[in-house]
$ cat query.cif   # mmCIF, C-alpha atoms
data_structure
#
loop_
_atom_site.label_atom_id
_atom_site.label_comp_id
_atom_site.auth_asym_id
_atom_site.auth_seq_id
_atom_site.Cartn_x
_atom_site.Cartn_y
_atom_site.Cartn_z
CA MET L 22 10.45 39.62 23.73
CA ASN L 23 11.59 38.61 27.22
CA THR L 24 15.09 38.04 25.84
CA LEU L 25 15.16 41.52 24.29
CA ARG L 26 13.87 43.12 27.49
CA ARG L 27 16.49 41.32 29.57
CA LEU L 28 19.19 42.43 27.14
CA ILE L 29 18.18 46.10 27.37
CA HIS L 30 17.78 45.92 31.16
CA ARG L 31 21.15 44.23 31.66
CA GLU L 32 23.02 46.65 29.42
CA ALA L 33 21.31 49.69 30.97
CA VAL L 34 21.92 48.59 34.58
CA PHE L 35 25.58 47.95 33.79
CA ALA L 36 25.99 51.34 32.09
CA VAL L 37 24.18 53.23 34.87
CA THR L 38 26.27 51.45 37.51
CA PHE L 39 29.48 52.32 35.67
CA VAL L 40 28.52 56.00 35.28
CA THR L 41 27.37 56.21 38.91
CA ILE L 42 30.66 54.78 40.21
CA GLY L 43 32.57 57.28 38.08
CA PHE L 44 30.60 60.25 39.42
CA LEU L 45 30.82 59.01 43.02
CA ALA L 46 34.59 58.64 42.70
CA LEU L 47 34.79 62.20 41.45
CA PHE L 48 32.68 63.54 44.32
CA PHE L 49 34.67 61.44 46.79
CA PHE L 50 37.88 63.10 45.61
CA PHE L 51 36.41 66.63 45.75
CA ASP L 52 34.94 66.05 49.22
CA LEU L 53 38.20 64.64 50.52
CA VAL L 54 40.15 67.63 49.23
CA ASP L 55 37.63 69.92 50.92
CA GLU L 56 37.93 68.04 54.22
CA LEU L 57 41.74 68.24 54.29
CA ARG L 58 41.53 71.84 55.55
CA TRP L 59 40.00 70.65 58.83
CA ILE L 60 42.67 68.04 59.62
CA GLY L 61 44.80 68.89 62.66
CA ARG L 62 42.89 72.03 63.62
CA THR L 63 41.83 70.64 66.99
CA GLY L 64 45.14 69.01 67.95
CA GLU L 65 46.61 65.56 67.63
CA ASN L 66 43.58 63.88 69.17
CA GLY L 67 41.11 65.87 67.05
CA TYR L 68 40.02 65.60 63.44
CA GLN L 69 42.46 63.38 61.56
CA LEU L 70 42.75 61.91 58.06
CA SER L 71 40.96 58.72 59.12
CA HIS L 72 37.99 60.78 60.33
CA ALA L 73 37.95 62.73 57.06
CA LEU L 74 37.94 59.49 55.05
CA LEU L 75 35.10 58.11 57.16
CA PHE L 76 33.12 61.36 56.85
CA VAL L 77 33.51 61.40 53.05
CA THR L 78 32.58 57.71 52.81
CA LEU L 79 29.42 58.27 54.84
CA SER L 80 28.50 61.16 52.53
CA ILE L 81 28.42 58.84 49.48
CA PRO L 82 24.73 57.77 49.90
CA SER L 83 23.63 61.43 49.85
CA HIS L 84 25.53 61.98 46.61
CA LEU L 85 24.12 58.73 45.24
CA TYR L 86 20.58 59.96 45.89
CA GLU L 87 21.26 63.26 44.12
CA LEU L 88 23.07 61.67 41.17
CA LEU L 89 20.88 58.66 40.36
CA PRO L 90 18.41 60.41 37.99
CA ILE L 91 21.31 62.01 36.12
CA THR L 92 23.32 58.78 35.86
CA VAL L 93 20.17 56.89 34.80
CA LEU L 94 19.76 59.38 31.95
CA ILE L 95 23.42 59.22 30.86
CA GLY L 96 23.66 55.42 31.10
CA THR L 97 20.38 54.81 29.29
CA ILE L 98 21.25 57.30 26.52
CA PHE L 99 24.58 55.54 26.02
CA VAL L 100 22.93 52.11 25.77
CA MET L 101 20.14 53.19 23.42
CA ALA L 102 22.53 55.18 21.20
CA ARG L 103 24.96 52.26 21.04
CA LEU L 104 22.15 49.86 20.11
CA ALA L 105 21.07 52.26 17.37
CA GLN L 106 24.61 52.72 16.05
CA SER L 107 25.25 48.98 15.83
CA SER L 108 21.81 48.46 14.20
CA GLU L 109 20.83 46.12 17.06
CA PHE L 110 17.81 48.24 17.85
CA THR L 111 16.77 48.06 14.19
CA ILE L 112 16.90 44.28 14.45
CA MET L 113 14.82 44.46 17.64
CA ARG L 114 12.22 46.57 15.82
CA THR L 115 11.99 44.10 12.95
CA SER L 116 11.63 41.32 15.54
CA GLY L 117 8.44 42.89 16.85
CA MET L 118 9.57 45.50 19.40
CA GLY L 119 7.31 48.42 18.58
CA PRO L 120 7.57 51.90 20.08
CA TRP L 121 5.12 51.24 22.92
CA LEU L 122 6.78 47.97 23.85
CA ALA L 123 10.15 49.75 23.93
CA LEU L 124 8.59 52.47 26.11
CA ARG L 125 7.16 49.89 28.52
CA THR L 126 10.53 48.14 28.66
CA LEU L 127 12.30 51.33 29.71
CA LEU L 128 9.53 52.32 32.12
CA THR L 129 9.98 48.98 33.87
CA LEU L 130 13.68 49.73 34.12
CA GLY L 131 12.88 53.24 35.39
CA GLY L 132 10.56 51.77 38.03
CA PHE L 133 13.46 49.74 39.39
CA PHE L 134 15.61 52.86 39.69
CA VAL L 135 12.68 54.72 41.32
CA LEU L 136 12.66 52.14 44.10
CA VAL L 137 16.45 52.30 44.47
CA THR L 138 16.40 56.12 44.61
CA PHE L 139 13.58 56.14 47.18
CA ALA L 140 15.29 53.56 49.39
CA VAL L 141 18.62 55.40 49.31
CA GLY L 142 17.09 58.85 49.87
CA ASP L 143 14.59 57.87 52.56
CA TYR L 144 16.45 55.25 54.55
CA LEU L 145 20.18 54.99 53.82
CA ALA L 146 21.18 58.63 53.20
CA PRO L 147 19.55 60.13 56.35
CA LEU L 148 21.25 57.53 58.58
CA THR L 149 24.69 57.91 57.06
CA ASP L 150 24.43 61.71 56.95
CA LYS L 151 23.60 61.83 60.67
CA ALA L 152 26.54 59.54 61.39
CA ALA L 153 28.82 61.75 59.28
CA GLN L 154 27.71 64.90 61.10
CA LEU L 155 28.20 63.18 64.45
CA ILE L 156 31.81 62.36 63.52
CA LYS L 157 32.47 66.01 62.74
CA VAL L 158 30.77 67.18 65.91
CA ARG L 159 32.80 64.83 68.09
CA HIS L 160 36.16 65.83 66.66
CA LEU L 161 35.61 69.45 65.58
CA GLY L 162 33.12 70.71 68.18
CA LYS L 163 29.45 71.61 68.27
CA LEU L 164 27.05 71.72 65.33
CA SER L 165 25.09 74.95 64.89
CA ALA L 166 23.08 76.81 62.26
CA GLY L 167 24.09 80.43 61.82
CA ALA L 168 24.90 82.78 64.67
CA THR L 169 21.76 82.16 66.73
CA GLY L 170 21.24 78.42 66.32
CA ALA L 171 17.80 76.85 66.02
CA TRP L 172 14.52 78.53 66.98
CA LEU L 173 11.42 76.45 67.67
CA LYS L 174 7.93 77.20 68.92
CA GLU L 175 5.39 75.19 70.88
CA LYS L 176 1.95 75.69 72.42
CA GLN L 177 0.96 74.02 75.70
CA ASP L 178 -2.58 74.72 76.92
CA ASN L 179 -2.94 78.52 76.95
CA HIS L 180 0.78 79.20 77.07
CA SER L 181 3.24 79.37 74.19
CA TYR L 182 6.98 78.76 74.23
CA ALA L 183 9.80 80.11 72.07
CA VAL L 184 12.82 77.83 72.30
CA ASN L 185 16.36 78.57 71.17
CA VAL L 186 19.03 75.86 70.97
CA ARG L 187 22.39 77.34 70.09
CA ALA L 188 24.05 74.08 69.02
CA ILE L 189 24.27 70.30 69.36
CA GLY L 190 27.30 69.16 71.35
CA PRO L 191 29.74 66.29 70.74
CA ASP L 192 27.64 63.98 72.96
CA SER L 193 24.49 64.77 70.91
CA GLY L 194 23.30 66.96 73.78
CA LEU L 195 21.82 70.45 73.59
CA VAL L 196 24.10 73.44 74.12
CA ASP L 197 23.06 76.90 75.37
CA VAL L 198 19.30 76.38 75.66
CA ARG L 199 16.93 79.32 76.17
CA ILE L 200 13.17 78.93 76.76
CA PHE L 201 10.77 81.89 76.74
CA GLU L 202 7.26 81.23 78.10
CA PHE L 203 4.34 83.52 77.26
CA ASP L 204 0.87 83.53 78.80
CA GLU L 205 -2.47 83.69 76.98
CA GLN L 206 -2.24 87.48 76.75
CA GLY L 207 1.20 87.37 75.13
CA ARG L 208 3.05 88.56 78.23
CA ILE L 209 6.26 86.84 79.23
CA ALA L 210 5.70 84.38 82.07
CA SER L 211 9.17 82.90 82.50
CA GLN L 212 12.62 82.85 81.00
CA THR L 213 14.92 79.86 81.33
CA HIS L 214 18.56 79.51 80.36
CA ALA L 215 20.50 76.23 80.57
CA ALA L 216 24.12 75.61 79.72
CA THR L 217 23.45 72.07 78.48
CA GLY L 218 20.57 69.64 78.11
CA GLN L 219 19.58 66.18 77.03
CA VAL L 220 16.36 64.94 75.48
CA SER L 221 15.13 62.18 77.77
CA ALA L 222 15.13 58.74 76.19
CA SER L 223 13.16 57.03 78.99
CA GLN L 224 10.41 59.62 79.38
CA SER L 225 8.95 60.81 76.10
CA GLY L 226 8.56 64.54 75.78
CA ALA L 227 11.01 65.83 78.41
CA TRP L 228 14.24 67.79 78.38
CA ASN L 229 16.71 67.33 81.22
CA LEU L 230 18.51 70.67 81.56
CA SER L 231 21.66 71.34 83.58
CA ASP L 232 23.09 74.51 85.13
CA VAL L 233 19.74 76.28 84.89
CA GLN L 234 18.91 79.91 85.56
CA ARG L 235 15.18 80.76 85.65
CA SER L 236 13.32 84.03 85.93
CA VAL L 237 9.61 83.65 86.71
CA PHE L 238 7.38 86.70 86.26
CA PHE L 239 4.30 87.15 88.48
CA GLN L 240 1.75 89.83 87.74
CA ARG L 241 -1.35 90.75 89.71
CA GLY L 242 -3.54 93.20 87.92
CA ASP L 243 -2.03 95.99 85.86
CA THR L 244 0.15 97.61 88.50
CA GLU L 245 1.63 94.91 90.75
CA ALA L 246 4.37 92.61 89.41
CA ARG L 247 7.40 90.77 90.74
CA VAL L 248 10.21 88.58 89.42
CA GLU L 249 11.52 85.45 91.10
CA HIS L 250 15.03 84.30 90.17
CA GLN L 251 16.04 80.66 90.52
CA LYS L 252 19.36 78.91 90.05
CA LEU L 253 19.03 75.14 89.73
CA PRO L 254 21.63 72.43 89.05
CA GLU L 255 19.03 70.44 87.10
CA TRP L 256 15.53 71.05 85.81
CA GLN L 257 13.13 69.02 83.68
CA TRP L 258 10.94 70.64 81.06
CA ASN L 259 8.05 68.66 79.59
CA THR L 260 7.67 69.27 75.89
CA HIS L 261 6.67 67.61 72.63
CA ILE L 262 9.78 68.92 70.85
CA SER L 263 11.89 65.85 70.12
CA ALA L 264 15.60 65.54 69.42
CA ASP L 265 14.80 64.88 65.74
CA MET L 266 12.94 68.20 65.52
CA VAL L 267 15.92 70.06 66.97
CA ALA L 268 18.24 68.27 64.56
CA ALA L 269 15.85 69.08 61.70
CA SER L 270 16.07 72.79 62.44
CA LEU L 271 19.89 72.61 62.47
CA LEU L 272 20.41 70.27 59.51
CA LYS L 273 19.35 70.73 55.91
CA PRO L 274 15.79 69.52 55.25
CA ASP L 275 16.91 67.54 52.19
CA ARG L 276 18.87 65.27 54.55
CA MET L 277 15.73 64.19 56.40
CA ALA L 278 13.52 61.18 55.73
CA THR L 279 10.10 61.81 54.21
CA PHE L 280 8.19 60.76 57.34
CA ASP L 281 10.41 62.90 59.58
CA LEU L 282 9.78 65.86 57.29
CA PHE L 283 6.04 65.23 57.48
CA GLN L 284 6.10 65.14 61.28
CA TYR L 285 8.16 68.31 61.45
CA ILE L 286 5.76 70.10 59.06
CA ARG L 287 2.82 69.11 61.28
CA HIS L 288 4.66 70.48 64.31
CA LEU L 289 5.31 73.80 62.55
CA ASP L 290 1.71 74.08 61.35
CA SER L 291 0.26 73.30 64.78
CA ASN L 292 2.38 76.07 66.29
CA GLY L 293 1.60 78.68 63.66
CA GLN L 294 5.05 78.68 62.05
CA SER L 295 5.84 78.90 58.35
CA ALA L 296 6.52 75.47 56.85
CA GLN L 297 6.82 76.51 53.20
CA ARG L 298 10.49 75.54 52.89
CA TYR L 299 9.92 72.12 54.45
CA GLU L 300 6.72 71.48 52.48
CA ILE L 301 8.58 72.10 49.22
CA GLU L 302 11.33 69.74 50.34
CA PHE L 303 8.74 67.13 51.37
CA TRP L 304 7.15 67.15 47.91
CA ARG L 305 10.58 67.12 46.28
CA LYS L 306 11.28 63.98 48.29
CA VAL L 307 8.07 62.49 46.90
CA PHE L 308 8.62 63.45 43.26
CA TYR L 309 12.42 63.22 42.95
CA PRO L 310 12.60 59.39 42.68
CA LEU L 311 9.93 59.54 39.97
CA SER L 312 12.31 61.62 37.85
CA CYS L 313 14.06 58.35 36.97
CA LEU L 314 10.97 57.51 34.89
CA VAL L 315 11.29 60.86 33.15
CA MET L 316 14.94 60.19 32.38
CA VAL L 317 14.42 56.81 30.75
CA VAL L 318 11.63 58.24 28.57
CA LEU L 319 13.96 61.09 27.62
CA ALA L 320 16.62 58.55 26.59
CA LEU L 321 14.33 56.46 24.36
CA PRO L 322 14.29 58.84 21.32
CA PHE L 323 18.06 58.32 20.99
CA ALA L 324 17.34 54.76 19.83
CA TYR L 325 15.52 56.14 16.77
CA LEU L 326 18.37 58.38 15.61
CA HIS L 327 20.90 57.45 12.95
CA PHE L 328 24.51 57.52 14.12
CA ARG L 329 27.75 57.66 12.27
CA SER L 330 30.93 56.13 13.60
CA GLY L 331 32.11 57.94 16.71
CA GLY L 332 28.92 59.99 16.99
CA ILE L 333 27.80 58.60 20.35
CA ALA L 334 30.05 60.87 22.43
CA GLY L 335 28.21 63.99 21.34
CA TYR L 336 24.84 62.56 22.31
CA VAL L 337 26.14 61.33 25.66
CA PHE L 338 27.48 64.83 26.29
CA GLY L 339 24.02 66.15 25.42
CA GLY L 340 22.59 63.73 27.97
CA VAL L 341 25.00 65.07 30.60
CA MET L 342 23.89 68.63 29.86
CA ALA L 343 20.22 67.61 30.00
CA GLY L 344 20.75 65.93 33.37
CA ILE L 345 22.58 68.93 34.78
CA SER L 346 19.90 71.29 33.48
CA PHE L 347 17.23 69.17 35.20
CA PHE L 348 19.16 69.31 38.48
CA LEU L 349 19.59 73.09 38.19
CA LEU L 350 15.94 73.63 37.22
CA ASN L 351 14.87 71.56 40.21
CA ASN L 352 16.90 73.81 42.54
CA VAL L 353 15.74 77.03 40.84
CA PHE L 354 12.07 76.06 41.23
CA GLY L 355 12.70 75.19 44.89
CA TYR L 356 14.22 78.60 45.67
CA ALA L 357 11.68 80.51 43.57
CA GLY L 358 8.76 78.64 45.12
CA ASN L 359 10.01 79.44 48.61
CA LEU L 360 10.46 83.14 47.79
CA GLN L 361 7.23 83.57 45.85
CA ASN L 362 5.16 81.31 48.12
CA TRP L 363 4.11 79.00 45.30
CA SER L 364 2.15 75.82 45.89
CA PRO L 365 4.67 73.33 47.37
CA TRP L 366 3.56 70.26 45.42
CA LEU L 367 3.43 72.17 42.11
CA THR L 368 6.86 73.71 42.76
CA ALA L 369 8.34 70.26 43.34
CA ALA L 370 6.54 68.59 40.43
CA ALA L 371 7.06 71.31 37.78
CA PRO L 372 10.60 70.32 36.62
CA GLY L 373 9.57 66.69 36.21
CA LEU L 374 6.40 67.65 34.34
CA ILE L 375 8.33 69.94 31.99
CA TYR L 376 10.89 67.27 31.15
CA SER L 377 8.16 64.61 30.81
CA LEU L 378 6.37 66.71 28.19
CA LEU L 379 9.63 67.38 26.35
CA SER L 380 10.63 63.71 26.32
CA LEU L 381 7.19 62.49 25.22
CA ALA L 382 7.09 65.16 22.50
CA ALA L 383 10.52 64.09 21.21
CA PHE L 384 9.53 60.43 21.33
CA GLY L 385 6.24 61.03 19.51
CA TRP L 386 7.87 63.18 16.84
CA LEU L 387 10.60 60.64 16.09
CA VAL L 388 8.17 57.71 16.00
CA LEU L 389 5.71 59.52 13.71
CA ARG L 390 8.51 60.74 11.47
CA ARG L 391 9.71 57.18 10.98
#

$ encode --input "query.cif" --output "structure tokens"
Amino acid sequence: MNTLRRLIHREAVFAVTFVTIGFLALFFFFDLVDELRWIGRTGENGYQLSHALLFVTLSIPSHLYELLPITVLIGTIFVMARLAQSSEFTIMRTSGMGPWLALRTLLTLGGFFVLVTFAVGDYLAPLTDKAAQLIKVRHLGKLSAGATGAWLKEKQDNHSYAVNVRAIGPDSGLVDVRIFEFDEQGRIASQTHAATGQVSASQSGAWNLSDVQRSVFFQRGDTEARVEHQKLPEWQWNTHISADMVAASLLKPDRMATFDLFQYIRHLDSNGQSAQRYEIEFWRKVFYPLSCLVMVVLALPFAYLHFRSGGIAGYVFGGVMAGISFFLLNNVFGYAGNLQNWSPWLTAAAPGLIYSLLSLAAFGWLVLRR
């Protein structure tokens, strides 16, 4: 049995690797074509072809994370269908490989791909994606989200702060920072505007702001009030908002590591902000690697089908369509859950549960029929 398991595992890993390389090459080409429009826009010393190639290369781990469940499905379907067509799987069955042993064999293979998907999505992809964005920022200008940038909120003692960071600059610094301070009664206490800023690396929880203009509001009673204007070359603001939190509000949440997402969700909850979008993405990060297990179970019924010569291509195409439909369903549930305020964990788990039930039903029906 160990020999049969090693045979299936070896063939499946080779097929999945081959399919993954093919898809990554295709995405590499499309991304490179898309990046060509930015070349030369900032002058001879700006964004060049070498920077575009490096940016596209650093984007490969993110595509790998997104593609792995689909390529696992396609590669495993191809292997199981080929074994069935050549009657090798029939020989394996007569040698003692029953349905549950075949299921355990593929689940072991799926567990390996779960670990690979988790490692790529939680460690490799966030690092390379940050490096890719940094290359673009350095050679094309600042990184921003929409017209107003990122908005964050924080509570300190009895005061609350609304913070706006327009963009992240080429040096990873903050650009066009505005801080609004409110007292315990909800009245504005101060307003601060800084042209640039840096999150202090030596002192945790401090922003070093430059070219600062402050307006401090003093109120005594209900009738007497005054405003004090200050213009400072530098000013330090103590805060618990880290550079990663600012980057999280400017970058897509699916590019963040699971632990960073968890920390950011806690920050939003503690400051009374909606974290629905990030909670859904957090649970998608948890459940998405497990979809590799769903895919290998979905591929197993193909080993129990009878194939004629040249009939594998149609089933592989069906596997491609099933993988794409899973990817689309995953995105649809994410958007619908965010709009309808569904339970985050159920929204993230629903596509995998649906496909698990379908694959187990197909497997049970084919086994019982035969």

$ residues_around --input "query.cif" --residues "Thr24 (chain L)" --least-positions-apart "5" --cutoff "12 Å" --atoms "all atoms listed in the file" --output "list in words"
Ile29, His30, Arg31, Met113, Ser116, Met118 and Thr126 of chain L

$ resolve_selection --input "query.cif" --expression "the PyMOL selection byres ((chain L and resi 234-249) around 9)" --output "short mmCIF file (atom, residue, chain, number, x, y, z; two decimals) with C-alpha atoms, keeping the file's coordinate frame"
data_model
loop_
_atom_site.label_atom_id
_atom_site.label_comp_id
_atom_site.auth_asym_id
_atom_site.auth_seq_id
_atom_site.Cartn_x
_atom_site.Cartn_y
_atom_site.Cartn_z
CA ILE L 209 6.26 86.84 79.23
CA ALA L 210 5.70 84.38 82.07
CA SER L 211 9.17 82.90 82.50
CA GLN L 212 12.62 82.85 81.00
CA THR L 213 14.92 79.86 81.33
CA HIS L 214 18.56 79.51 80.36
CA ALA L 215 20.50 76.23 80.57
CA ALA L 216 24.12 75.61 79.72
CA ASP L 232 23.09 74.51 85.13
CA VAL L 233 19.74 76.28 84.89
CA HIS L 250 15.03 84.30 90.17
CA GLN L 251 16.04 80.66 90.52
CA LYS L 252 19.36 78.91 90.05
CA LEU L 253 19.03 75.14 89.73
CA PRO L 254 21.63 72.43 89.05
#

$ closest_residue --input "query.cif" --among "L:Asp52, L:Leu155, L:Tyr356, L:Val317" --to "Pro191 (chain L)" --atoms "only C-alpha atoms"
L:Leu155

$ closest_residue --input "query.cif" --among "L:Ala357, L:Val34, L:Leu379, L:Ala320" --to "Tyr336 (chain L)" --atoms "only C-alpha atoms"
L:Ala320

$ residues_around --input "query.cif" --residues "Leu314 (chain L)" --least-positions-apart "6" --cutoff "7 Å" --atoms "only C-alpha atoms" --output "PyMOL selection string"
chain L and resi 128+131-132

$ atom_distance --input "query.cif" --atom1 "CA of Ser312 (chain L)" --atom2 "CA of Ile95 (chain L)"
13.3 Å

$ closest_residue --input "query.cif" --among "L:Gln177, L:Asn185, L:Thr260, L:Asn359" --to "Glu302 (chain L)" --atoms "only C-alpha atoms"
L:Asn359

$ decode --input "query.cif" --residues "region 116-184 of chain L" --atoms "C-alpha atoms" --output "PDB file, in the first residue's frame"
ATOM      1  CA  SER L 116      -4.670  -5.004  -4.946  1.00  0.00           C
ATOM      2  CA  GLY L 117      -6.579  -3.901  -1.867  1.00  0.00           C
ATOM      3  CA  MET L 118      -7.001  -0.125  -2.229  1.00  0.00           C
ATOM      4  CA  GLY L 119     -10.596   0.363  -1.155  1.00  0.00           C
ATOM      5  CA  PRO L 120     -12.539   3.615  -1.384  1.00  0.00           C
ATOM      6  CA  TRP L 121     -11.687   4.777   2.134  1.00  0.00           C
ATOM      7  CA  LEU L 122      -8.010   4.020   1.702  1.00  0.00           C
ATOM      8  CA  ALA L 123      -8.024   5.988  -1.564  1.00  0.00           C
ATOM      9  CA  LEU L 124      -9.789   8.853   0.254  1.00  0.00           C
ATOM     10  CA  ARG L 125      -7.205   8.827   3.060  1.00  0.00           C
ATOM     11  CA  THR L 126      -4.401   8.791   0.485  1.00  0.00           C
ATOM     12  CA  LEU L 127      -5.731  11.915  -1.206  1.00  0.00           C
ATOM     13  CA  LEU L 128      -6.509  13.630   2.095  1.00  0.00           C
ATOM     14  CA  THR L 129      -2.872  13.145   3.091  1.00  0.00           C
ATOM     15  CA  LEU L 130      -1.867  14.734  -0.192  1.00  0.00           C
ATOM     16  CA  GLY L 131      -4.367  17.549   0.411  1.00  0.00           C
ATOM     17  CA  GLY L 132      -2.910  18.122   3.886  1.00  0.00           C
ATOM     18  CA  PHE L 133       0.487  18.742   2.319  1.00  0.00           C
ATOM     19  CA  PHE L 134      -0.978  21.348  -0.028  1.00  0.00           C
ATOM     20  CA  VAL L 135      -2.860  22.928   2.907  1.00  0.00           C
ATOM     21  CA  LEU L 136       0.458  23.556   4.635  1.00  0.00           C
ATOM     22  CA  VAL L 137       2.019  24.919   1.434  1.00  0.00           C
ATOM     23  CA  THR L 138      -0.946  27.242   0.820  1.00  0.00           C
ATOM     24  CA  PHE L 139      -0.910  28.500   4.415  1.00  0.00           C
ATOM     25  CA  ALA L 140       2.841  29.139   4.372  1.00  0.00           C
ATOM     26  CA  VAL L 141       2.684  31.010   1.069  1.00  0.00           C
ATOM     27  CA  GLY L 142      -0.390  33.063   2.004  1.00  0.00           C
ATOM     28  CA  ASP L 143       0.624  33.912   5.564  1.00  0.00           C
ATOM     29  CA  TYR L 144       4.369  34.399   5.301  1.00  0.00           C
ATOM     30  CA  LEU L 145       5.724  34.647   1.753  1.00  0.00           C
ATOM     31  CA  ALA L 146       2.966  36.556  -0.083  1.00  0.00           C
ATOM     32  CA  PRO L 147       2.593  39.436   2.450  1.00  0.00           C
ATOM     33  CA  LEU L 148       6.361  40.074   2.425  1.00  0.00           C
ATOM     34  CA  THR L 149       6.735  40.014  -1.346  1.00  0.00           C
ATOM     35  CA  ASP L 150       3.581  42.077  -1.876  1.00  0.00           C
ATOM     36  CA  LYS L 151       4.876  44.803   0.465  1.00  0.00           C
ATOM     37  CA  ALA L 152       8.200  44.777  -1.371  1.00  0.00           C
ATOM     38  CA  ALA L 153       6.395  45.036  -4.722  1.00  0.00           C
ATOM     39  CA  GLN L 154       4.296  47.982  -3.539  1.00  0.00           C
ATOM     40  CA  LEU L 155       7.413  49.679  -2.176  1.00  0.00           C
ATOM     41  CA  ILE L 156       9.074  49.427  -5.599  1.00  0.00           C
ATOM     42  CA  LYS L 157       6.095  51.124  -7.210  1.00  0.00           C
ATOM     43  CA  VAL L 158       5.960  53.816  -4.548  1.00  0.00           C
ATOM     44  CA  ARG L 159       9.647  54.642  -4.931  1.00  0.00           C
ATOM     45  CA  HIS L 160       9.538  54.998  -8.698  1.00  0.00           C
ATOM     46  CA  LEU L 161       5.963  56.135  -9.373  1.00  0.00           C
ATOM     47  CA  GLY L 162       5.168  58.227  -6.288  1.00  0.00           C
ATOM     48  CA  LYS L 163       3.032  57.873  -3.190  1.00  0.00           C
ATOM     49  CA  LEU L 164       0.617  55.049  -2.386  1.00  0.00           C
ATOM     50  CA  SER L 165      -2.923  56.090  -1.471  1.00  0.00           C
ATOM     51  CA  ALA L 166      -6.418  54.633  -1.210  1.00  0.00           C
ATOM     52  CA  GLY L 167      -9.083  56.665  -2.974  1.00  0.00           C
ATOM     53  CA  ALA L 168      -9.291  60.443  -2.880  1.00  0.00           C
ATOM     54  CA  THR L 169      -9.107  60.853   0.901  1.00  0.00           C
ATOM     55  CA  GLY L 170      -6.551  58.218   1.885  1.00  0.00           C
ATOM     56  CA  ALA L 171      -6.827  56.175   5.074  1.00  0.00           C
ATOM     57  CA  TRP L 172      -9.024  57.048   8.055  1.00  0.00           C
ATOM     58  CA  LEU L 173      -8.305  55.564  11.481  1.00  0.00           C
ATOM     59  CA  LYS L 174      -9.712  56.063  14.955  1.00  0.00           C
ATOM     60  CA  GLU L 175      -8.238  55.733  18.424  1.00  0.00           C
ATOM     61  CA  LYS L 176      -9.293  56.325  22.025  1.00  0.00           C
ATOM     62  CA  GLN L 177      -6.853  57.620  24.653  1.00  0.00           C
ATOM     63  CA  ASP L 178      -8.260  58.049  28.167  1.00  0.00           C
ATOM     64  CA  ASN L 179     -11.387  60.198  27.773  1.00  0.00           C
ATOM     65  CA  HIS L 180     -10.382  61.651  24.427  1.00  0.00           C
ATOM     66  CA  SER L 181     -10.866  60.167  20.974  1.00  0.00           C
ATOM     67  CA  TYR L 182      -8.868  60.810  17.818  1.00  0.00           C
ATOM     68  CA  ALA L 183      -9.799  60.667  14.146  1.00  0.00           C
ATOM     69  CA  VAL L 184      -6.683  60.297  12.016  1.00  0.00           C
TER      70      VAL L 184
END
